[in-house]
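Q: Dropping in start-v3.txt, which is compact mmCIF, C-alpha atoms:
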```txt
# COMPACT_ATOMS: atom_id res chain seq x y z
CA MET F 288 -5.33 -26.34 -8.69
CA SER F 289 -1.54 -26.25 -8.32
CA PHE F 290 0.56 -23.28 -7.27
CA LEU F 291 2.46 -21.74 -10.23
CA PRO F 292 5.39 -19.30 -10.06
CA LEU F 293 4.35 -16.00 -11.63
CA SER F 294 7.10 -16.16 -14.25
CA VAL F 295 5.55 -19.29 -15.80
CA LEU F 296 1.88 -18.45 -15.24
CA LEU F 297 1.32 -17.66 -18.93
CA THR F 298 3.76 -20.16 -20.44
CA HIS F 299 2.54 -23.14 -18.38
CA GLY F 300 -1.00 -21.83 -18.10
CA ARG F 301 -4.23 -23.02 -16.55
CA ALA F 302 -7.44 -24.31 -18.09
CA ALA F 303 -8.95 -21.62 -20.35
CA GLY F 304 -12.23 -21.67 -18.48
CA SER F 305 -10.84 -21.50 -14.96
CA PRO F 306 -11.94 -18.26 -13.27
CA LEU F 307 -9.08 -15.78 -12.98
CA ALA F 308 -11.09 -12.72 -11.93
CA LEU F 309 -14.54 -11.63 -10.85
CA SER F 310 -15.91 -8.46 -12.44
CA ARG F 311 -18.98 -7.34 -10.47
CA GLY F 312 -19.49 -10.96 -9.57
CA SER F 313 -19.16 -12.34 -13.13
CA PRO F 314 -16.16 -14.61 -13.83
CA VAL F 315 -13.38 -13.76 -16.30
CA GLY F 316 -11.61 -16.89 -17.53
CA PHE F 317 -7.90 -17.58 -17.75
CA GLY F 318 -8.16 -17.93 -21.53
CA ARG F 319 -9.27 -14.34 -21.96
CA PHE F 320 -6.53 -13.17 -19.61
CA ALA F 321 -3.86 -15.01 -21.60
CA ALA F 322 -5.15 -13.48 -24.86
CA ASP F 323 -5.25 -9.95 -23.38
CA VAL F 324 -1.71 -10.28 -21.99
CA ALA F 325 -0.43 -11.51 -25.36
CA CYS F 326 -1.97 -8.49 -27.11
CA ALA F 327 -0.51 -6.13 -24.51
CA THR F 328 2.92 -7.75 -24.88
CA ASP F 329 2.87 -7.37 -28.67
CA ARG F 330 1.87 -3.72 -28.47
CA LEU F 331 4.53 -2.92 -25.87
CA ARG F 332 7.26 -4.67 -27.85
CA VAL F 333 6.32 -2.76 -31.02
CA ALA F 334 6.47 0.48 -28.99
CA ARG F 335 9.91 -0.57 -27.67
CA CYS F 336 8.79 0.30 -24.17
CA ARG F 337 11.67 0.11 -21.69
CA ARG F 338 10.01 1.49 -18.55
CA ALA F 339 6.31 2.04 -18.05
CA ALA F 340 4.25 3.51 -15.23
CA LEU F 341 1.37 1.15 -14.45
CA LEU F 342 -1.69 2.88 -13.01
CA CYS F 343 -4.98 1.01 -13.44
CA ARG F 344 -7.86 1.23 -10.95
CA ASN F 345 -9.37 -2.00 -12.27
CA ARG F 346 -7.40 -4.91 -10.83
CA TYR F 347 -7.90 -7.18 -13.87
CA ARG F 348 -6.63 -4.49 -16.27
CA PHE F 349 -3.73 -3.87 -13.89
CA ALA F 350 -2.87 -7.58 -14.05
CA VAL F 351 -2.99 -7.52 -17.86
CA GLY F 352 -0.68 -4.49 -17.93
CA LEU F 353 1.68 -6.02 -15.37
CA PHE F 354 2.16 -9.30 -17.20
CA GLY F 355 2.24 -7.57 -20.60
CA LEU F 356 5.13 -5.43 -19.39
CA LEU F 357 6.98 -8.34 -17.78
CA HIS F 358 6.69 -10.52 -20.89
CA ALA F 359 7.74 -7.57 -23.07
CA GLY F 360 10.92 -7.18 -21.00
CA SER F 361 9.90 -3.76 -19.66
CA THR F 362 10.54 -2.48 -16.14
CA VAL F 363 7.29 -1.89 -14.26
CA VAL F 364 7.11 1.43 -12.41
CA LEU F 365 4.35 1.73 -9.79
CA PRO F 366 3.66 5.38 -8.84
CA PRO F 367 2.39 5.76 -5.25
CA ASN F 368 -0.75 7.46 -6.56
CA GLY F 369 -2.22 8.96 -9.70
CA GLN F 370 -2.17 12.61 -8.61
CA PRO F 371 -1.06 14.90 -11.49
CA GLY F 372 1.76 16.37 -9.44
CA THR F 373 3.08 12.92 -8.51
CA LEU F 374 3.12 11.75 -12.14
CA SER F 375 4.82 15.01 -13.14
CA ASP F 376 7.51 14.52 -10.48
CA LEU F 377 8.15 10.97 -11.74
CA ALA F 378 7.96 11.80 -15.46
CA ASP F 379 11.66 11.04 -15.98
CA GLU F 380 11.19 7.55 -14.51
CA PHE F 381 9.08 6.10 -17.35
CA ASP F 382 8.51 6.44 -21.10
CA MET F 383 4.91 5.16 -21.24
CA LEU F 384 1.85 5.31 -18.99
CA ILE F 385 -0.26 2.15 -18.91
CA ASP F 386 -3.72 2.97 -17.59
CA ASP F 387 -7.23 1.53 -17.82
CA GLY F 388 -7.77 3.20 -21.20
CA PHE F 389 -4.64 1.61 -22.66
CA ILE F 390 -5.75 -1.88 -21.63
CA GLU F 391 -9.32 -1.31 -22.86
CA SER F 392 -7.99 -0.32 -26.31
CA LEU F 393 -6.18 -3.63 -26.83
CA ALA F 394 -7.31 -5.67 -29.83
CA GLY F 395 -5.85 -8.13 -32.27
CA GLU F 396 -4.80 -11.71 -32.59
CA ALA F 397 -3.17 -13.25 -29.54
CA ALA F 398 0.29 -14.71 -29.95
CA MET F 399 2.59 -16.76 -27.77
CA VAL F 400 4.28 -14.64 -25.14
CA PRO F 401 8.06 -14.77 -24.67
CA PRO F 402 9.28 -16.29 -21.37
CA ILE F 403 10.17 -14.25 -18.29
CA ASP F 404 13.48 -14.62 -16.48
CA PRO F 405 12.38 -13.69 -12.94
CA ARG F 406 15.93 -12.67 -11.98
CA CYS F 407 15.95 -9.99 -14.69
CA ALA F 408 12.33 -8.75 -14.43
CA TYR F 409 11.82 -5.80 -12.10
CA VAL F 410 9.04 -3.86 -10.42
CA GLU F 411 9.86 -0.44 -8.95
CA PHE F 412 7.85 1.06 -6.11
CA PHE F 413 8.03 4.65 -4.92
CA THR F 414 7.39 5.10 -1.23
CA SER F 415 7.66 8.01 1.18
CA GLY F 416 11.26 8.57 2.22
CA SER F 417 12.72 10.30 5.26
CA SER F 418 14.35 12.91 2.98
CA GLY F 419 10.95 14.21 1.88
CA THR F 420 11.22 12.92 -1.69
CA PRO F 421 9.79 9.60 -2.94
CA LYS F 422 12.19 6.70 -2.41
CA ARG F 423 12.67 4.13 -5.19
CA VAL F 424 12.46 0.49 -4.12
CA LYS F 425 13.41 -1.99 -6.85
CA LYS F 426 12.32 -5.61 -6.48
CA SER F 427 12.95 -8.52 -8.81
CA LEU F 428 10.14 -10.86 -9.80
CA ALA F 429 12.24 -13.67 -8.31
CA ALA F 430 12.12 -12.03 -4.87
CA LEU F 431 8.38 -11.44 -5.19
CA GLU F 432 7.90 -15.09 -6.18
CA ARG F 433 9.75 -16.25 -3.07
CA GLU F 434 7.53 -14.08 -0.88
CA VAL F 435 4.31 -15.30 -2.49
CA ALA F 436 5.40 -18.95 -2.20
CA THR F 437 6.11 -18.44 1.51
CA LEU F 438 2.71 -16.86 2.12
CA ASP F 439 1.03 -19.79 0.40
CA ARG F 440 2.95 -22.34 2.48
CA ILE F 441 1.83 -20.60 5.68
CA TRP F 442 -1.81 -19.77 4.91
CA GLY F 443 -2.68 -21.52 1.65
CA GLY F 444 -4.10 -24.57 3.41
CA GLU F 445 -6.70 -22.64 5.41
CA ILE F 446 -7.60 -20.37 2.48
CA GLY F 447 -8.08 -23.02 -0.20
CA ARG F 448 -9.38 -21.53 -3.46
CA ALA F 449 -11.41 -18.69 -1.94
CA ALA F 450 -11.79 -15.51 -3.97
CA THR F 451 -10.04 -12.36 -2.73
CA VAL F 452 -11.96 -9.15 -2.01
CA ALA F 453 -10.16 -5.97 -0.96
CA THR F 454 -10.52 -2.52 0.52
CA VAL F 455 -6.89 -1.62 -0.26
CA SER F 456 -5.20 -0.60 -3.50
CA HIS F 457 -2.97 -2.91 -5.53
CA GLN F 458 -0.73 0.10 -6.28
CA HIS F 459 1.28 -0.43 -3.08
CA LEU F 460 3.27 -3.51 -2.10
CA TYR F 461 0.85 -4.96 0.46
CA GLY F 462 -2.15 -4.83 -1.87
CA PHE F 463 0.03 -5.74 -4.87
CA THR F 464 1.16 -8.94 -3.13
CA PHE F 465 -1.98 -9.99 -1.26
CA THR F 466 -4.73 -9.00 -3.73
CA LEU F 467 -2.93 -9.78 -6.98
CA LEU F 468 0.31 -11.79 -7.04
CA TRP F 469 -0.54 -14.38 -4.41
CA PRO F 470 -4.08 -15.17 -5.69
CA LEU F 471 -2.85 -15.41 -9.31
CA ALA F 472 -0.05 -17.81 -8.37
CA ALA F 473 -2.37 -19.91 -6.20
CA GLY F 474 -5.21 -20.04 -8.74
CA ARG F 475 -7.63 -18.01 -6.59
CA PRO F 476 -9.90 -15.47 -8.36
CA ILE F 477 -9.08 -11.80 -7.91
CA THR F 478 -11.78 -9.13 -7.84
CA CYS F 479 -11.59 -6.28 -10.33
CA GLU F 480 -12.95 -3.67 -7.95
CA THR F 481 -11.46 -2.17 -4.79
CA HIS F 482 -14.23 -1.53 -2.26
CA GLU F 483 -13.45 1.59 -0.26
CA ILE F 484 -16.47 1.25 2.05
CA TRP F 485 -17.82 -1.86 3.78
CA GLU F 486 -21.30 -1.57 2.28
CA GLU F 487 -19.82 -2.01 -1.21
CA LEU F 488 -17.76 -5.01 -0.11
CA PHE F 489 -20.68 -6.69 1.67
CA ALA F 490 -22.78 -6.33 -1.49
CA ARG F 491 -20.12 -8.31 -3.42
CA LEU F 492 -19.26 -10.95 -0.81
CA THR F 493 -18.82 -14.42 -2.26
CA LEU F 494 -18.98 -17.60 -0.23
CA ALA F 495 -16.17 -17.68 2.35
CA PRO F 496 -13.82 -15.10 0.73
CA VAL F 497 -10.40 -13.82 1.71
CA ILE F 498 -10.62 -10.17 2.82
CA VAL F 499 -7.53 -7.98 2.38
CA THR F 500 -8.00 -4.77 4.30
CA SER F 501 -6.38 -2.24 6.67
CA PRO F 502 -6.69 -0.92 10.24
CA ALA F 503 -8.31 2.23 8.83
CA HIS F 504 -11.18 0.13 7.46
CA LEU F 505 -11.40 -2.36 10.34
CA GLY F 506 -11.71 0.59 12.72
CA ARG F 507 -15.07 1.44 11.10
CA LEU F 508 -16.85 -1.86 11.85
CA SER F 509 -18.44 -0.84 15.15
CA GLY F 510 -22.23 -1.17 14.96
CA ILE F 511 -22.27 -3.25 11.75
CA ALA F 512 -24.37 -6.43 11.97
CA PRO F 513 -22.54 -9.79 11.75
CA VAL F 514 -22.37 -11.29 8.26
CA ALA F 515 -24.25 -14.48 7.47
CA LEU F 516 -22.52 -17.71 8.46
CA ALA F 517 -22.11 -18.84 4.83
CA LEU F 518 -20.39 -15.55 3.93
CA ARG F 519 -17.89 -15.52 6.77
CA PRO F 520 -14.36 -15.19 5.39
CA ARG F 521 -11.69 -17.87 5.32
CA ALA F 522 -9.14 -15.25 6.37
CA ILE F 523 -8.85 -11.51 7.00
CA PHE F 524 -5.50 -9.82 6.44
CA SER F 525 -4.68 -6.35 7.76
CA ALA F 526 -1.52 -4.29 7.21
CA GLY F 527 -0.24 -0.74 7.09
CA ALA F 528 -0.31 0.01 10.83
CA PRO F 529 -0.94 -1.81 14.11
CA LEU F 530 -4.59 -2.80 14.55
CA SER F 531 -6.18 -1.69 17.80
CA PHE F 532 -7.38 -4.47 20.06
CA THR F 533 -10.88 -2.95 19.97
CA ALA F 534 -10.95 -3.11 16.17
CA ALA F 535 -9.74 -6.72 16.28
CA ARG F 536 -12.64 -7.61 18.60
CA ASP F 537 -15.14 -5.74 16.39
CA ALA F 538 -13.88 -7.70 13.38
CA CYS F 539 -14.38 -10.94 15.29
CA THR F 540 -17.96 -9.92 16.10
CA VAL F 541 -18.80 -9.01 12.49
CA PHE F 542 -16.88 -11.73 10.63
CA GLY F 543 -16.62 -14.51 13.20
CA MET F 544 -12.80 -14.49 13.19
CA ARG F 545 -9.89 -12.29 14.19
CA PRO F 546 -7.77 -10.61 11.50
CA THR F 547 -4.26 -11.79 10.72
CA GLU F 548 -2.02 -8.73 10.99
CA ILE F 549 0.94 -8.26 8.67
CA PHE F 550 4.05 -6.27 9.62
CA GLY F 551 6.40 -5.31 6.81
CA THR F 552 7.94 -2.59 4.69
CA THR F 553 8.17 -1.86 0.99
CA GLU F 554 11.91 -2.51 1.17
CA THR F 555 11.66 -5.90 2.90
CA GLY F 556 8.20 -7.26 2.12
CA VAL F 557 6.43 -9.15 4.90
CA ILE F 558 8.49 -9.44 8.08
CA ALA F 559 6.18 -10.70 10.80
CA THR F 560 2.59 -11.56 11.67
CA ARG F 561 0.21 -11.96 14.58
CA ARG F 562 -3.42 -12.82 15.24
CA ARG F 563 -4.24 -10.92 18.42
CA THR F 564 -5.93 -12.62 21.31
CA SER F 565 -4.46 -10.26 23.91
CA GLU F 566 -3.79 -6.53 24.12
CA HIS F 567 0.01 -6.80 24.06
CA GLN F 568 0.59 -9.80 21.84
CA PRO F 569 4.04 -9.66 20.18
CA TRP F 570 4.83 -9.97 16.49
CA GLN F 571 6.44 -13.20 15.25
CA ALA F 572 8.83 -13.24 12.30
CA LEU F 573 7.89 -15.37 9.29
CA PRO F 574 9.85 -18.60 8.70
CA GLY F 575 13.23 -17.88 7.10
CA ILE F 576 13.35 -14.24 8.25
CA GLU F 577 15.83 -12.99 10.85
CA VAL F 578 15.25 -9.78 12.78
CA GLY F 579 17.63 -7.77 14.93
CA ALA F 580 17.77 -4.43 16.70
CA ASP F 581 20.61 -2.02 17.43
CA PRO F 582 21.01 -0.43 20.89
CA THR F 583 18.43 2.26 19.99
CA GLY F 584 15.89 -0.41 18.99
CA ARG F 585 16.10 0.22 15.24
CA LEU F 586 14.94 -2.87 13.35
CA SER F 587 17.15 -4.70 10.83
CA VAL F 588 15.95 -7.59 8.68
CA LEU F 589 17.63 -10.43 6.79
CA SER F 590 15.02 -11.77 4.39
CA PRO F 591 14.82 -14.04 1.32
CA PHE F 592 12.30 -11.57 -0.07
CA VAL F 593 15.09 -9.00 -0.61
CA ASP F 594 17.48 -9.21 -3.57
CA GLY F 595 20.97 -9.89 -2.23
CA ASN F 596 21.93 -11.59 1.00
CA GLU F 597 22.30 -8.47 3.15
CA TRP F 598 20.72 -7.10 6.31
CA VAL F 599 18.32 -4.20 5.62
CA GLU F 600 18.01 -1.44 8.20
CA THR F 601 14.49 -0.07 8.50
CA GLY F 602 13.05 3.06 10.06
CA ASP F 603 11.03 1.02 12.57
CA LEU F 604 11.76 0.75 16.28
CA ILE F 605 11.16 -2.55 18.08
CA GLU F 606 11.54 -4.09 21.52
CA PRO F 607 12.63 -7.76 21.36
CA VAL F 608 10.72 -10.04 23.77
CA ASP F 609 10.38 -13.79 24.24
CA GLY F 610 8.54 -15.16 21.23
CA GLY F 611 8.95 -12.12 19.01
CA PHE F 612 8.98 -8.33 19.34
CA HIS F 613 6.81 -5.32 20.05
CA ALA F 614 6.65 -2.45 17.53
CA ARG F 615 7.58 0.92 19.04
CA GLY F 616 6.92 3.35 16.20
CA ARG F 617 9.28 5.02 13.76
CA ALA F 618 12.80 6.37 14.13
CA ASP F 619 12.34 8.91 11.30
CA ARG F 620 9.75 11.52 10.36
CA LEU F 621 7.49 9.00 8.70
CA VAL F 622 4.08 8.32 10.20
CA LYS F 623 1.24 5.94 9.46
CA ILE F 624 -2.07 7.64 8.65
CA GLU F 625 -5.00 5.43 7.59
CA GLY F 626 -2.50 2.61 7.14
CA LYS F 627 -0.31 4.52 4.68
CA ARG F 628 3.25 5.70 5.20
CA ILE F 629 3.30 9.51 5.14
CA SER F 630 6.44 11.63 5.07
CA LEU F 631 5.97 14.72 7.25
CA LEU F 632 8.99 16.26 5.55
CA GLU F 633 7.40 15.73 2.13
CA ILE F 634 4.23 17.54 3.27
CA GLU F 635 6.32 20.41 4.64
CA HIS F 636 8.23 20.72 1.35
CA ALA F 637 4.96 20.69 -0.60
CA LEU F 638 3.49 23.42 1.61
CA CYS F 639 6.58 25.61 1.31
CA ARG F 640 6.43 25.36 -2.48
CA LEU F 641 3.02 27.06 -2.40
CA PRO F 642 2.93 30.85 -2.83
CA TRP F 643 0.97 31.27 0.42
CA ALA F 644 3.42 29.58 2.82
CA GLU F 645 6.80 30.83 4.01
CA ASP F 646 7.49 28.01 6.48
CA ALA F 647 5.61 24.96 7.76
CA VAL F 648 5.82 21.97 10.05
CA ALA F 649 3.65 18.86 9.77
CA LEU F 650 2.93 16.45 12.60
CA ALA F 651 0.75 13.53 13.61
CA LEU F 652 -1.29 14.38 16.67
CA PRO F 653 -1.44 11.51 19.18
CA GLY F 654 -4.64 9.51 19.34
CA ASP F 655 -6.31 6.40 18.00
CA PRO F 656 -6.32 6.99 15.13
CA PRO F 657 -3.63 9.69 14.87
CA ARG F 658 -4.61 12.91 13.07
CA LEU F 659 -2.44 14.75 10.57
CA ALA F 660 -1.94 18.45 11.34
CA ALA F 661 0.15 21.37 10.08
CA VAL F 662 1.42 24.69 11.43
CA VAL F 663 2.04 27.26 8.71
CA VAL F 664 3.79 30.63 8.65
CA PRO F 665 1.96 32.47 5.85
CA SER F 666 3.93 34.42 3.27
CA GLU F 667 3.00 38.04 2.54
CA LEU F 668 0.61 36.79 -0.14
CA GLY F 669 -0.63 34.10 2.21
CA ARG F 670 -1.28 36.61 4.98
CA ALA F 671 -3.46 38.62 2.63
CA ARG F 672 -5.41 35.49 1.65
CA LEU F 673 -5.74 34.47 5.31
CA ASN F 674 -7.21 37.87 6.19
CA GLU F 675 -9.53 37.65 3.20
CA LEU F 676 -10.73 34.06 3.66
CA GLY F 677 -10.41 33.43 7.38
CA ARG F 678 -8.59 30.53 9.01
CA PHE F 679 -10.99 27.73 8.04
CA ARG F 680 -11.22 28.59 4.35
CA PHE F 681 -7.49 29.36 4.12
CA GLY F 682 -6.78 25.87 5.49
CA ARG F 683 -9.12 24.44 2.85
CA LEU F 684 -7.22 26.37 0.18
CA LEU F 685 -3.94 24.79 1.31
CA ARG F 686 -5.55 21.32 1.44
CA ARG F 687 -6.82 21.66 -2.14
CA ALA F 688 -3.39 22.77 -3.32
CA LEU F 689 -1.75 19.72 -1.69
CA THR F 690 -3.97 17.32 -3.65
CA ALA F 691 -1.59 17.80 -6.60
CA THR F 692 0.87 15.45 -4.89
CA GLN F 693 -0.87 13.95 -1.85
CA GLU F 694 -3.61 11.35 -1.45
CA SER F 695 -6.37 12.09 1.05
CA SER F 696 -4.45 10.39 3.87
CA GLY F 697 -1.60 12.87 3.32
CA LEU F 698 -3.77 16.00 3.69
CA PRO F 699 -3.67 17.74 7.09
CA ARG F 700 -7.02 17.87 8.87
CA LEU F 701 -6.09 20.45 11.49
CA TRP F 702 -4.31 23.77 10.86
CA ARG F 703 -2.67 26.49 12.90
CA PHE F 704 -1.21 29.74 11.54
CA CYS F 705 1.45 31.83 13.25
CA ASP F 706 4.06 34.51 12.53
CA GLN F 707 6.99 32.23 13.42
CA LEU F 708 7.38 28.55 14.20
CA PRO F 709 8.15 27.89 17.88
CA GLY F 710 11.83 27.34 18.68
CA ASN F 711 14.86 27.31 16.45
CA HIS F 712 15.47 23.56 15.99
CA MET F 713 13.60 20.25 16.06
CA GLY F 714 14.25 19.62 19.74
CA LYS F 715 11.84 18.58 22.47
CA ARG F 716 11.07 22.16 23.43
CA ARG F 717 9.94 23.07 19.92
CA GLU F 718 7.94 19.87 19.60
CA ALA F 719 6.16 20.53 22.90
CA GLU F 720 5.33 24.10 21.87
CA ILE F 721 3.94 22.97 18.54
CA LEU F 722 1.75 20.38 20.25
CA ALA F 723 0.59 23.08 22.64
CA LEU F 724 -0.84 25.01 19.68
CA PHE F 725 -3.34 22.15 19.37
CA GLY F 726 -4.05 22.02 23.11
CA ILE F 727 -1.92 18.91 23.68
CA THR F 728 0.56 18.53 26.53
CA PRO F 729 3.30 15.93 25.84
```
Mind turning the file's structure into structure tokens?

A:
Amino acid sequence: MSFLPLSVLLTHGRAAGSPLALSRGSPVGFGRFAADVACATDRLRVARCRRAALLCRNRYRFAVGLFGLLHAGSTVVLPPNGQPGTLSDLADEFDMLIDDGFIESLAGEAAMVPPIDPRCAYVEFFTSGSSGTPKRVKKSLAALEREVATLDRIWGGEIGRAATVATVSHQHLYGFTFTLLWPLAAGRPITCETHEIWEELFARLTLAPVIVTSPAHLGRLSGIAPVALALRPRAIFSAGAPLSFTAARDACTVFGMRPTEIFGTTETGVIATRRRTSEHQPWQALPGIEVGADPTGRLSVLSPFVDGNEWVETGDLIEPVDGGFHARGRADRLVKIEGKRISLLEIEHALCRLPWAEDAVALALPGDPPRLAAVVVPSELGRARLNELGRFRFGRLLRRALTATQESSGLPRLWRFCDQLPGNHMGKRREAEILALFGITP
């Protein structure tokens, strides 16, 4: 089955009976997908939708909504999560919400869909920014097509037509590209469900699949029995944070192969890759991508996956070495927790908006994996609640309140409460004193 650019997937088409998706193991054909997209396109054009937030848990319905919006000429807005507070904060960014219920309600006669100009079709992501507010990243379909075509040239031969199973969401760029766009362009079936635990994924394993996962999930493989030889994957992709060498070895024991790690950002797409056979193996840039570093080690990227021919400065620190580079963490107050980019400043702002907090600092405690923690100066109302509930239950109260805007990975696990934050500025002395509250010496 030939590779098709996403912009012509519906206009050029595939055989109606070719499997496009697997829903609990049962195939969904391309013909049904084409009809559902045509119905979605008609409905969106009648509604004169200009910008729509797309938020479907089911990957097939998400694909229908995505292509319906693109063929209708609408900008696709991808919220980072579906928390009520997040959608409220982004309410001015879209005029319709496309969710699972919207797609399920589609009915009517299918019509021909209008063509897509990939240079004028856009998807907008919102990712954690160093300012503490979500950062908009706008990507054209043309740039996404170039990235997907490159991935297929590199790995398409070893993958073949294997179905894709995933433990990561398609709501963020990594999952969006690897679990949805690339399989659709290559003619590989997608799976409707996202399996958050390994037992669910193992129950749905097809013959020799592609597994798209994260270090957070691969770090939980210890003690799991190896999968049957016939079910061993063609490839395992991992992204979101560096994978520990121990987790890479555990994956090799369970699946019979080492994961292929992906290094990238929402702004740039995929930058580099590695398949670790040693503890300190460097990252290697993908073909066609140039990387550089300023004197402080801050990474810059020149990539065909970015609209415009300009270098993009990232918040990542690297150390160039022969054959690639080593990643040295972040230059800003963004951290990776469970493979997701978390803004410490955003958590602090969210805490200080609560009636129980006067001041707060968030931090990632060192370790493998790192743990998210917070130090809070209670307000007068907060002090009363702290005395009433005790430290543990007061921390749980703050965690519950943060769920309005934060996913589980963005909720502090450890809490400390004090009358005043140590120090007067974000210098080393203050940082050391804050770590000391958790019994850690820098």

Q: Could the residues of stretch 308-381 of chain F that have an atom at most 12 Å from stretch 624-646 of chain F be listed as a Markdown table, each with its closest atom pair and the distance in Å to one decimal, counting all atoms listed in the file and ordered by chain and ascending residue number?

A:
```
| residue | atom | partner | partner_atom | distance |
| --- | --- | --- | --- | --- |
| F:Pro367 | CA | F:Lys627 | CA | 10.4 |
| F:Asn368 | CA | F:Lys627 | CA | 11.6 |
| F:Gly372 | CA | F:Ala637 | CA | 10.3 |
| F:Thr373 | CA | F:Ala637 | CA | 11.2 |
| F:Asp376 | CA | F:Ala637 | CA | 11.9 |
```

Q: Rank F:Leu438, F:Leu708, F:Ile605, F:Leu428 by their smallest atom-to-atom distance to F:Trp469, using all atoms listed in the file, and report the top residue only.

A: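 Between F:Leu438, F:Leu708, F:Ile605, F:Leu428, the residue approaching F:Trp469 most closely is F:Leu438.
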
Q: I'd like the interatomic distance between atom CA of F:Gly312 and atom CA of F:Phe290, to a tenth of an Å.

A: 23.6 Å

Q: Please compute the atom CA of F:Leu296-atom CA of F:Ala572 distance, one decimal, in Å.

A: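 Atom CA of F:Leu296 sits 28.9 Å away from atom CA of F:Ala572.
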
Q: From the set F:Glu480, F:Ile523, F:Ala495, F:Pro371, which residue has the shortest atom-to-atom contact distance to F:Trp442, counting all atoms listed in the file?

A: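 Going through F:Glu480, F:Ile523, F:Ala495, F:Pro371 one by one, the smallest distance to F:Trp442 is for F:Ile523.
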
Q: From the options F:Asp609, F:Asp323, F:Glu432, F:Glu487, which residue's atoms come nearest to F:Tyr409, counting all atoms listed in the file?

A: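 For F:Tyr409, the nearest of the candidates is F:Glu432.
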
Q: Which residues, written as number ranges by chain, have at least one atom at most 9 Å from F:Ala450, with all atoms listed in the file counted and residues fewer than 5 positions away on the same chain left out?

A: F: 308-309, 470, 475-478, 493-498

Q: Which polymer residues have any atom within 10 Å of an atom of F:Ala350, counting all atoms listed in the file, with same-chain residues fewer than 6 positions away left out, as an MDAnalysis selection string?

A: chainID F and resid 308 320 323:324 341 343 356 390 457 463 467:468 471 477 479

Q: Set the distance at 8 Å and use all atoms listed in the file: which residues neighbour stretch 584-589 of chain F once local chain neighbours fewer than 5 positions away are removed? I'd like the list as a PyMOL selection string.

A: chain F and resi 555+558+576-579+596-606+618

Q: Taking only C-alpha atoms into account, which of F:Phe612, F:Phe532, F:Phe592, F:Phe704 comes nearest F:Ala559?

A: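 Smallest distance to F:Ala559 is found for F:Phe612.
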
Q: Using Å and a single decimal, report how far atom CA of F:Ala688 sits from atom CA of F:Ala647.

A: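 Answer for the atom CA of F:Ala647 to atom CA of F:Ala688 separation: 14.4 Å.
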
Q: Would you compute the box with edges along x, y and z of the file around stretch 637-645 of chain F, including every atom the file lists for it and 3 Å extra on each side, and give its centre and edge lengths in Å to one decimal, as JSON?

A:
```
{"center_x": 3.9, "center_y": 26.0, "center_z": 0.6, "size_x": 11.8, "size_y": 16.6, "size_z": 12.8}
```

Q: Could you pull the residues within 8 Å of F:Pro402, counting all atoms listed in the file, minus those fewer than 4 positions along the same chain, as number ranges by chain?

A: F: 294-295, 298, 358

Q: For the selection just defined, write its residues with C-alpha atoms to a file, as a PDB file, in the frame of the given file.

A:
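As a result, selection_2.pdb now contains:
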```pdb
ATOM      1  CA  SER F 294       7.100 -16.160 -14.250  1.00  0.00           C
ATOM      2  CA  VAL F 295       5.550 -19.290 -15.800  1.00  0.00           C
ATOM      3  CA  THR F 298       3.760 -20.160 -20.440  1.00  0.00           C
ATOM      4  CA  HIS F 358       6.690 -10.520 -20.890  1.00  0.00           C
TER       5      HIS F 358
END
```

Q: Neighbourhood query: residues within 9 Å of (-2.2, -11.9, 14.5), file coordinates, counting all atoms listed in the file; return as a ChimeraX atom specification.

A: /F:524,545-549,560-564,568-571

Q: May I have the protein, DNA and RNA residues with any atom at most 12 Å from the point (-11.9, -12.6, 4.5), counting all atoms listed in the file, written as a compact mmCIF listing (two decimals) with C-alpha atoms, in the frame of the given file?

A:
```txt
# COMPACT_ATOMS: atom_id res chain seq x y z
CA GLU F 445 -6.70 -22.64 5.41
CA ILE F 446 -7.60 -20.37 2.48
CA ALA F 449 -11.41 -18.69 -1.94
CA ALA F 450 -11.79 -15.51 -3.97
CA THR F 451 -10.04 -12.36 -2.73
CA VAL F 452 -11.96 -9.15 -2.01
CA ALA F 453 -10.16 -5.97 -0.96
CA THR F 454 -10.52 -2.52 0.52
CA PHE F 465 -1.98 -9.99 -1.26
CA THR F 466 -4.73 -9.00 -3.73
CA LEU F 488 -17.76 -5.01 -0.11
CA PHE F 489 -20.68 -6.69 1.67
CA LEU F 492 -19.26 -10.95 -0.81
CA THR F 493 -18.82 -14.42 -2.26
CA LEU F 494 -18.98 -17.60 -0.23
CA ALA F 495 -16.17 -17.68 2.35
CA PRO F 496 -13.82 -15.10 0.73
CA VAL F 497 -10.40 -13.82 1.71
CA ILE F 498 -10.62 -10.17 2.82
CA VAL F 499 -7.53 -7.98 2.38
CA THR F 500 -8.00 -4.77 4.30
CA SER F 501 -6.38 -2.24 6.67
CA LEU F 505 -11.40 -2.36 10.34
CA VAL F 514 -22.37 -11.29 8.26
CA ALA F 517 -22.11 -18.84 4.83
CA LEU F 518 -20.39 -15.55 3.93
CA ARG F 519 -17.89 -15.52 6.77
CA PRO F 520 -14.36 -15.19 5.39
CA ARG F 521 -11.69 -17.87 5.32
CA ALA F 522 -9.14 -15.25 6.37
CA ILE F 523 -8.85 -11.51 7.00
CA PHE F 524 -5.50 -9.82 6.44
CA SER F 525 -4.68 -6.35 7.76
CA ALA F 538 -13.88 -7.70 13.38
CA CYS F 539 -14.38 -10.94 15.29
CA VAL F 541 -18.80 -9.01 12.49
CA PHE F 542 -16.88 -11.73 10.63
CA GLY F 543 -16.62 -14.51 13.20
CA MET F 544 -12.80 -14.49 13.19
CA ARG F 545 -9.89 -12.29 14.19
CA PRO F 546 -7.77 -10.61 11.50
CA THR F 547 -4.26 -11.79 10.72
```
